[in-house]
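Only one structure is covered here, and it is reproduced in the block below.
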Amino acid sequence: MEKRERIYEGKAKIVYNTDDPDLIIQYFKDDTTAFNAAKRGTVINKGIINNKISTRVFEFLSSQGIPTHYERRLSDREMLIKRAQIVPIEVIVRNKAAGSICRILGLSEGMELAFPVLEFCYKKDDLNDPLINECHIRALNLASEEEVETIKRYTLKINALMGKFFANSNLELIDFKLEFGRYKGEIILADEISPDTCRLWEIGTGKKFDKDRFRHDMGDIEEAYQEVLSRVDK
Ligand code: UDP
């Protein structure tokens with residue numbers, strides 16, 4: 001497998017072609033953004049840590065029957081993945097209130113939710129990824145009805161699996177974001193799963209081990225991400 005030209009650069013990752021038309025490489029950068037890129041920064045070694053955490057989570061989910069884009073980790077910052085066509089929707093799951101739901105619904109952070117909340121956002125940077133519902137998805141032809149059903153089914157299963165996975169590391173999965181892609185006619189889990197895309201609070205102390213440390217200038221970001229890696233890697 002040979003690495004070829006760069007095909008895309010996003011906020012936290014770069015994507016490269018390979019000599020295999022079905023496979024691409026995602027390269028994890030140290031760059032970090034928050035609040036729709038209004039806040040930017042760099043977290044030393046974040047790319048290496050997130051590549052390793054994402055590898056562990058994708059290997060776990062694959063072993064539990066979730067179809068994913070993950071093939072294998074190639075190096076510190078590179079992961080070989082299937083070339084999926086990304087569905088332009090961010091799928092968010094919330095188990096406790098934090099972040100935007102607190103602002104929108106006037107909830108206090110950490111409030112128990114009696115039922116997991118599933119949200120969809122339209123992936124469109126110039127609109128700041130607005131919240132949408134299933135009617136918008138159908139109306140804008142972002143995904144078919146069958147694809148939405150599959151995405152919801154996988155997402156709820158992933159929430160249950162990841163909740164247990166992180167609880168084994170004494171971390172509570174507060175909320176997270178997923179992206180899915182189409183590959184050879186099937187929906188598969190794509191993108192990354194890391195402290196950039198999940199809120200993780202230590203069970204017992206409530207200490208934050210995620211991107212909120214960057215969003216709210218709480219310090220020790222690299223240390224927190226590294227601690228997540230050490231806990232899930234044991
Ligand atoms: N999230 C993400 N990418 C986004 C928006 C959200 O990974 O573009 C994750 C975020 O890290 C959190 C969850 O999705 O774990 C819910 O995010 P929320 O809507 O509260 O976002 P915020 O406004 O706090 O960034």
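Identifiers for the structure tokens are assigned positionally: chains receive A, B, ... in sequence, residues are indexed from 1 per chain, and ligands are indexed from 1 in the order shown.
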Handout entry: Contacts with ligand 1 at most 7 Å, only C-alpha atoms and all ligand atoms counted, listed as a ChimeraX atom specification
Key = /A:34-36,92,98-101,175-177,196-199,211
Would you mind listing what lies within 7 Å of A:Ala12 as a PDB file with C-alpha atoms, in the first residue's frame, with only C-alpha atoms counted and same-chain residues fewer than 6 positions away left out?
ATOM      1  CA  PHE A  28      -4.353  13.393  12.612  1.00  0.00           C
ATOM      2  CA  LYS A  29      -3.063  16.940  13.181  1.00  0.00           C
ATOM      3  CA  ASP A  30      -2.422  18.761  16.459  1.00  0.00           C
ATOM      4  CA  ASP A  31      -4.604  21.698  15.335  1.00  0.00           C
ATOM      5  CA  THR A  32      -7.771  22.163  17.306  1.00  0.00           C
TER       6      THR A  32
END
Problem - Among listed residues A:Ala160, A:Val148, A:Ala37, A:Met79, nearest A:Gly10 (using only C-alpha atoms) - result: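 For A:Gly10, the nearest of the candidates is A:Ala37.
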Handout entry: 8 Å contact set for stretch 220-227 of chain A, only C-alpha atoms, chain neighbours under 3 positions out, as number ranges by chain
Key = A: 43-46, 49-50, 195, 208-211, 213-214, 230-231
Problem - Test item, alpha helix (DSSP H) assignment across stretch 51-117 of chain A, answer as number ranges by chain - result: A: 51-63, 100-105
Can those selected residues be exported to a file as an mmCIF file, in the first residue's frame so that it contains C-alpha atoms?
data_model
loop_
_atom_site.group_PDB
_atom_site.id
_atom_site.type_symbol
_atom_site.label_atom_id
_atom_site.label_comp_id
_atom_site.auth_asym_id
_atom_site.auth_seq_id
_atom_site.Cartn_x
_atom_site.Cartn_y
_atom_site.Cartn_z
ATOM 1 C CA ASN A 51 -5.248 8.427 16.413
ATOM 2 C CA LYS A 52 -4.504 5.838 19.107
ATOM 3 C CA ILE A 53 -7.730 6.402 21.062
ATOM 4 C CA SER A 54 -9.788 6.300 17.863
ATOM 5 C CA THR A 55 -8.027 3.077 16.853
ATOM 6 C CA ARG A 56 -8.966 1.442 20.175
ATOM 7 C CA VAL A 57 -12.604 2.573 19.948
ATOM 8 C CA PHE A 58 -13.026 1.559 16.295
ATOM 9 C CA GLU A 59 -11.421 -1.846 16.935
ATOM 10 C CA PHE A 60 -13.787 -2.355 19.859
ATOM 11 C CA LEU A 61 -16.899 -1.301 17.910
ATOM 12 C CA SER A 62 -15.885 -3.464 14.920
ATOM 13 C CA SER A 63 -15.442 -6.441 17.260
ATOM 14 C CA SER A 100 -25.273 23.456 23.315
ATOM 15 C CA ILE A 101 -28.332 21.653 24.778
ATOM 16 C CA CYS A 102 -27.855 23.616 28.028
ATOM 17 C CA ARG A 103 -27.887 26.865 26.083
ATOM 18 C CA ILE A 104 -30.812 25.945 23.805
ATOM 19 C CA LEU A 105 -33.101 24.391 26.425
#
Problem - Expected answer as a ChimeraX atom specification: strand (DSSP E) residues in stretch 144-228 of chain A - result: /A:171-183,186-190,198-202
Exercise for the section: Find the residues near A:Arg6: any atom within 8 Å, counting only C-alpha atoms, skip ones fewer than 4 places away on the same chain, and give them as a PyMOL selection string. Expected result: chain A and resi 14-17
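The shortest atom-to-atom distance to A:Phe165, with only C-alpha atoms taken into account, belongs to A:Leu200 out of A:Met1, A:Leu23, A:Leu200, A:Ala84.
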Fill in the blank from the handout: atom CA of A:Ile203 sits from atom CA of A:Leu161 at a separation of 17.0 Å
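Distance annotation: of A:Asn168, A:Asp76, A:Asp233, A:Glu147, the residue with the minimal separation from A:Gly185 is A:Glu147; atom set is only C-alpha atoms.
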Problem - Distance in Å - atom CA of A:Thr155 versus atom CA of A:Pro21 - result: 27.7 Å
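Between atom CA of A:Asp129 and atom CA of A:Pro88 the separation is 9.8 Å.
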Practice task
Give me the residues within 10 Å of A:Glu2 as a list of chain:residue names, counting only C-alpha atoms and dropping any in the same chain fewer than 2 places off.
Solution key: A:Arg4, A:Asn17, A:Thr18, A:Asp19, A:Asp20, A:Ile24, A:Ile25
Those selected residues, please, written with N, CA, C and O atoms and delivered as a PDB file, in the first residue's frame.
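Dumped everything to again_23.pdb:
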ATOM      1  N   ARG A   4      -0.351   8.285  -1.539  1.00  0.00           N
ATOM      2  CA  ARG A   4      -0.314   9.169  -2.709  1.00  0.00           C
ATOM      3  C   ARG A   4      -0.632  10.606  -2.303  1.00  0.00           C
ATOM      4  O   ARG A   4      -0.441  10.978  -1.165  1.00  0.00           O
ATOM      5  N   ASN A  17      -4.814  10.058  -0.713  1.00  0.00           N
ATOM      6  CA  ASN A  17      -5.102   8.895  -1.552  1.00  0.00           C
ATOM      7  C   ASN A  17      -4.068   7.808  -1.298  1.00  0.00           C
ATOM      8  O   ASN A  17      -2.969   8.088  -0.799  1.00  0.00           O
ATOM      9  N   THR A  18      -4.410   6.591  -1.692  1.00  0.00           N
ATOM     10  CA  THR A  18      -3.421   5.507  -1.723  1.00  0.00           C
ATOM     11  C   THR A  18      -3.490   4.882  -3.124  1.00  0.00           C
ATOM     12  O   THR A  18      -4.325   5.284  -3.939  1.00  0.00           O
ATOM     13  N   ASP A  19      -2.651   3.892  -3.378  1.00  0.00           N
ATOM     14  CA  ASP A  19      -2.706   3.234  -4.690  1.00  0.00           C
ATOM     15  C   ASP A  19      -3.900   2.289  -4.794  1.00  0.00           C
ATOM     16  O   ASP A  19      -4.182   1.757  -5.861  1.00  0.00           O
ATOM     17  N   ASP A  20      -4.621   2.093  -3.683  1.00  0.00           N
ATOM     18  CA  ASP A  20      -5.835   1.267  -3.702  1.00  0.00           C
ATOM     19  C   ASP A  20      -7.051   2.209  -3.754  1.00  0.00           C
ATOM     20  O   ASP A  20      -7.251   3.006  -2.838  1.00  0.00           O
ATOM     21  N   ILE A  24      -8.087   5.045   1.776  1.00  0.00           N
ATOM     22  CA  ILE A  24      -7.427   6.342   1.926  1.00  0.00           C
ATOM     23  C   ILE A  24      -6.764   6.388   3.309  1.00  0.00           C
ATOM     24  O   ILE A  24      -7.006   5.514   4.146  1.00  0.00           O
ATOM     25  N   ILE A  25      -5.951   7.423   3.517  1.00  0.00           N
ATOM     26  CA  ILE A  25      -5.259   7.559   4.804  1.00  0.00           C
ATOM     27  C   ILE A  25      -5.746   8.826   5.478  1.00  0.00           C
ATOM     28  O   ILE A  25      -5.787   9.887   4.848  1.00  0.00           O
TER      29      ILE A  25
END
Practice task
Name all residues at most 8 Å from A:Ile187 (count only C-alpha atoms; drop same-chain ones fewer than 3 positions away) and give them as a list in words.
Solution key: Pro67, Glu147, Thr150, Ile151, Phe180, Gly181, Arg182 and Tyr183 of chain A
Selection export as a PDB file, in the first residue's frame, atoms kept: N, CA and C atoms:
ATOM      1  N   PRO A  67     -20.299  -1.981  11.556  1.00  0.00           N
ATOM      2  CA  PRO A  67     -19.457  -1.784  10.362  1.00  0.00           C
ATOM      3  C   PRO A  67     -18.801  -0.407  10.394  1.00  0.00           C
ATOM      4  N   GLU A 147     -31.552   4.835   5.088  1.00  0.00           N
ATOM      5  CA  GLU A 147     -30.243   5.197   5.649  1.00  0.00           C
ATOM      6  C   GLU A 147     -30.392   5.836   7.029  1.00  0.00           C
ATOM      7  N   THR A 150     -31.043   3.159   9.548  1.00  0.00           N
ATOM      8  CA  THR A 150     -29.806   2.414   9.841  1.00  0.00           C
ATOM      9  C   THR A 150     -28.895   3.234  10.745  1.00  0.00           C
ATOM     10  N   ILE A 151     -28.754   4.515  10.430  1.00  0.00           N
ATOM     11  CA  ILE A 151     -27.887   5.399  11.227  1.00  0.00           C
ATOM     12  C   ILE A 151     -28.399   5.463  12.670  1.00  0.00           C
ATOM     13  N   PHE A 180     -21.250   9.189   9.589  1.00  0.00           N
ATOM     14  CA  PHE A 180     -21.380   7.941   8.839  1.00  0.00           C
ATOM     15  C   PHE A 180     -21.065   8.186   7.373  1.00  0.00           C
ATOM     16  N   GLY A 181     -20.719   7.094   6.666  1.00  0.00           N
ATOM     17  CA  GLY A 181     -20.452   7.195   5.238  1.00  0.00           C
ATOM     18  C   GLY A 181     -21.114   6.042   4.494  1.00  0.00           C
ATOM     19  N   ARG A 182     -21.165   6.201   3.166  1.00  0.00           N
ATOM     20  CA  ARG A 182     -21.666   5.125   2.305  1.00  0.00           C
ATOM     21  C   ARG A 182     -20.465   4.444   1.669  1.00  0.00           C
ATOM     22  N   TYR A 183     -20.467   3.119   1.746  1.00  0.00           N
ATOM     23  CA  TYR A 183     -19.354   2.361   1.169  1.00  0.00           C
ATOM     24  C   TYR A 183     -19.924   1.089   0.542  1.00  0.00           C
TER      25      TYR A 183
END
